[in-house]
Amino acid sequence: MFVGRERELSKLNKMYQGDCFEFAVVYGRRRVGKTTLIQEFMKDKQGYYYMSVEGAKKENLAGLSRAFLSDRDSLQETFEFRDYESMLGHIDTLAKRKLPV
């Protein structure tokens, strides 16, 4: 059930429908509905969702790499960004080409 987060959902949808690339970070206390908000937002959109794990930089980078590249090319399944800067650079390149991240 999705209740009481219409304002946040509206802001996310407005960003999504804009004519420029934007990056949203959703954070907050535990159990306030962050995951539900994201899932509701993503229902009818093409995109990627990755929930990080606490305190494990290498695991998070590997998970993000898989999330961004898994459906692009089967040869890239073993690819992993070397650091967050290269991953964000990849997202920036895709955004400039107006391709889906």
# chains A, B, ... in the order shown; residues from 1 in each chain; ligands from 1

$ residues_around --residues "Phe2 of chain A" --least-positions-apart "2" --cutoff "10 Å" --atoms "only C-alpha atoms" --output "MDAnalysis selection string"
chainID A and resid 4:6 33 36:37 39:40

$ write_last_selection --atoms "all heavy atoms" --output "PDB file, in the first residue's frame"
ATOM      1  N   GLY A   4       0.566   8.511   1.771  1.00  0.00           N
ATOM      2  CA  GLY A   4       1.221   9.617   2.432  1.00  0.00           C
ATOM      3  C   GLY A   4       2.547  10.075   1.841  1.00  0.00           C
ATOM      4  O   GLY A   4       3.247  10.867   2.459  1.00  0.00           O
ATOM      5  N   ARG A   5       2.910   9.597   0.670  1.00  0.00           N
ATOM      6  CA  ARG A   5       4.183  10.016   0.072  1.00  0.00           C
ATOM      7  C   ARG A   5       3.960  10.636  -1.309  1.00  0.00           C
ATOM      8  O   ARG A   5       4.876  10.689  -2.118  1.00  0.00           O
ATOM      9  CB  ARG A   5       5.122   8.807  -0.072  1.00  0.00           C
ATOM     10  CG  ARG A   5       5.463   8.090   1.221  1.00  0.00           C
ATOM     11  CD  ARG A   5       6.171   8.953   2.256  1.00  0.00           C
ATOM     12  NE  ARG A   5       7.500   9.360   1.892  1.00  0.00           N
ATOM     13  CZ  ARG A   5       8.609   8.727   2.234  1.00  0.00           C
ATOM     14  NH1 ARG A   5       8.564   7.644   2.956  1.00  0.00           N
ATOM     15  NH2 ARG A   5       9.778   9.189   1.854  1.00  0.00           N
ATOM     16  N   GLU A   6       2.769  11.139  -1.549  1.00  0.00           N
ATOM     17  CA  GLU A   6       2.440  11.696  -2.858  1.00  0.00           C
ATOM     18  C   GLU A   6       3.312  12.889  -3.220  1.00  0.00           C
ATOM     19  O   GLU A   6       3.700  13.068  -4.372  1.00  0.00           O
ATOM     20  CB  GLU A   6       0.954  12.082  -2.929  1.00  0.00           C
ATOM     21  CG  GLU A   6       0.010  10.904  -2.957  1.00  0.00           C
ATOM     22  CD  GLU A   6      -0.232  10.253  -1.604  1.00  0.00           C
ATOM     23  OE1 GLU A   6       0.169  10.834  -0.562  1.00  0.00           O
ATOM     24  OE2 GLU A   6      -0.803   9.153  -1.584  1.00  0.00           O
ATOM     25  N   GLY A  33       9.595   4.210   4.621  1.00  0.00           N
ATOM     26  CA  GLY A  33       8.981   4.020   3.316  1.00  0.00           C
ATOM     27  C   GLY A  33       9.843   4.376   2.119  1.00  0.00           C
ATOM     28  O   GLY A  33       9.328   4.595   1.019  1.00  0.00           O
ATOM     29  N   THR A  36       9.574   1.591  -0.611  1.00  0.00           N
ATOM     30  CA  THR A  36       8.233   1.624  -1.209  1.00  0.00           C
ATOM     31  C   THR A  36       8.085   2.825  -2.135  1.00  0.00           C
ATOM     32  O   THR A  36       7.496   2.714  -3.224  1.00  0.00           O
ATOM     33  CB  THR A  36       7.160   1.653  -0.101  1.00  0.00           C
ATOM     34  OG1 THR A  36       7.343   0.518   0.739  1.00  0.00           O
ATOM     35  CG2 THR A  36       5.759   1.648  -0.691  1.00  0.00           C
ATOM     36  N   LEU A  37       8.609   3.970  -1.727  1.00  0.00           N
ATOM     37  CA  LEU A  37       8.566   5.175  -2.568  1.00  0.00           C
ATOM     38  C   LEU A  37       9.276   4.915  -3.894  1.00  0.00           C
ATOM     39  O   LEU A  37       8.751   5.217  -4.971  1.00  0.00           O
ATOM     40  CB  LEU A  37       9.212   6.350  -1.843  1.00  0.00           C
ATOM     41  CG  LEU A  37       9.377   7.642  -2.637  1.00  0.00           C
ATOM     42  CD1 LEU A  37       8.013   8.230  -2.992  1.00  0.00           C
ATOM     43  CD2 LEU A  37      10.206   8.645  -1.844  1.00  0.00           C
ATOM     44  N   GLN A  39       9.989   1.983  -5.317  1.00  0.00           N
ATOM     45  CA  GLN A  39       9.274   0.961  -6.088  1.00  0.00           C
ATOM     46  C   GLN A  39       8.028   1.540  -6.755  1.00  0.00           C
ATOM     47  O   GLN A  39       7.726   1.222  -7.909  1.00  0.00           O
ATOM     48  CB  GLN A  39       8.912  -0.224  -5.187  1.00  0.00           C
ATOM     49  CG  GLN A  39      10.122  -1.023  -4.791  1.00  0.00           C
ATOM     50  CD  GLN A  39       9.833  -2.059  -3.723  1.00  0.00           C
ATOM     51  OE1 GLN A  39       8.843  -1.975  -2.994  1.00  0.00           O
ATOM     52  NE2 GLN A  39      10.707  -3.034  -3.619  1.00  0.00           N
ATOM     53  N   GLU A  40       7.322   2.394  -6.077  1.00  0.00           N
ATOM     54  CA  GLU A  40       6.135   3.045  -6.659  1.00  0.00           C
ATOM     55  C   GLU A  40       6.547   3.933  -7.830  1.00  0.00           C
ATOM     56  O   GLU A  40       5.917   3.928  -8.878  1.00  0.00           O
ATOM     57  CB  GLU A  40       5.417   3.865  -5.583  1.00  0.00           C
ATOM     58  CG  GLU A  40       4.138   4.507  -6.036  1.00  0.00           C
ATOM     59  CD  GLU A  40       3.007   3.510  -6.272  1.00  0.00           C
ATOM     60  OE1 GLU A  40       3.045   2.390  -5.744  1.00  0.00           O
ATOM     61  OE2 GLU A  40       2.068   3.869  -7.004  1.00  0.00           O
TER      62      GLU A  40
END

$ select_by_dssp --residues "segment 10-99 of chain A" --states "alpha helix (DSSP H)" --output "PDB file with C-alpha atoms, in the first residue's frame"
ATOM      1  CA  SER A  10       5.391  14.028  -7.431  1.00  0.00           C
ATOM      2  CA  LYS A  11       8.875  15.559  -7.048  1.00  0.00           C
ATOM      3  CA  LEU A  12      10.519  12.424  -8.425  1.00  0.00           C
ATOM      4  CA  ASN A  13       8.117  12.330 -11.375  1.00  0.00           C
ATOM      5  CA  LYS A  14       8.761  15.991 -12.120  1.00  0.00           C
ATOM      6  CA  MET A  15      12.514  15.328 -12.184  1.00  0.00           C
ATOM      7  CA  TYR A  16      11.989  12.302 -14.423  1.00  0.00           C
ATOM      8  CA  GLN A  17       9.869  14.234 -16.919  1.00  0.00           C
ATOM      9  CA  LYS A  34      12.031   4.798   1.167  1.00  0.00           C
ATOM     10  CA  THR A  35      11.981   1.463  -0.660  1.00  0.00           C
ATOM     11  CA  THR A  36       8.233   1.624  -1.209  1.00  0.00           C
ATOM     12  CA  LEU A  37       8.566   5.175  -2.568  1.00  0.00           C
ATOM     13  CA  ILE A  38      11.220   4.057  -5.052  1.00  0.00           C
ATOM     14  CA  GLN A  39       9.274   0.961  -6.088  1.00  0.00           C
ATOM     15  CA  GLU A  40       6.135   3.045  -6.659  1.00  0.00           C
ATOM     16  CA  PHE A  41       8.113   5.549  -8.710  1.00  0.00           C
ATOM     17  CA  MET A  42       9.789   2.843 -10.823  1.00  0.00           C
ATOM     18  CA  LYS A  57      32.565  -0.418  -0.661  1.00  0.00           C
ATOM     19  CA  LYS A  58      33.817  -3.247  -2.903  1.00  0.00           C
ATOM     20  CA  GLU A  59      30.537  -5.181  -2.654  1.00  0.00           C
ATOM     21  CA  ASN A  60      28.498  -2.051  -3.390  1.00  0.00           C
ATOM     22  CA  LEU A  61      30.624  -1.164  -6.391  1.00  0.00           C
ATOM     23  CA  ALA A  62      30.275  -4.730  -7.711  1.00  0.00           C
ATOM     24  CA  GLY A  63      26.508  -4.664  -7.140  1.00  0.00           C
ATOM     25  CA  LEU A  64      26.120  -1.308  -8.850  1.00  0.00           C
ATOM     26  CA  SER A  65      28.235  -2.524 -11.768  1.00  0.00           C
ATOM     27  CA  ARG A  66      25.976  -5.550 -12.189  1.00  0.00           C
ATOM     28  CA  ALA A  67      22.841  -3.406 -11.921  1.00  0.00           C
ATOM     29  CA  PHE A  68      23.977  -0.948 -14.597  1.00  0.00           C
ATOM     30  CA  LEU A  69      25.524  -3.410 -17.021  1.00  0.00           C
ATOM     31  CA  TYR A  84      32.757   5.183  -8.027  1.00  0.00           C
ATOM     32  CA  GLU A  85      34.282   7.958 -10.124  1.00  0.00           C
ATOM     33  CA  SER A  86      34.462   5.719 -13.210  1.00  0.00           C
ATOM     34  CA  MET A  87      30.900   4.490 -12.607  1.00  0.00           C
ATOM     35  CA  LEU A  88      29.579   8.052 -12.331  1.00  0.00           C
ATOM     36  CA  GLY A  89      31.587   8.983 -15.429  1.00  0.00           C
ATOM     37  CA  HIS A  90      29.827   6.163 -17.293  1.00  0.00           C
ATOM     38  CA  ILE A  91      26.433   7.460 -16.160  1.00  0.00           C
ATOM     39  CA  ASP A  92      27.432  10.976 -17.242  1.00  0.00           C
ATOM     40  CA  THR A  93      28.445   9.714 -20.702  1.00  0.00           C
ATOM     41  CA  LEU A  94      25.133   7.895 -21.110  1.00  0.00           C
ATOM     42  CA  ALA A  95      23.210  10.974 -19.987  1.00  0.00           C
ATOM     43  CA  LYS A  96      24.985  13.161 -22.517  1.00  0.00           C
TER      44      LYS A  96
END

$ atom_distance --atom1 "atom CA of Tyr27 of chain A" --atom2 "atom CA of Met51 of chain A"
11.1 Å
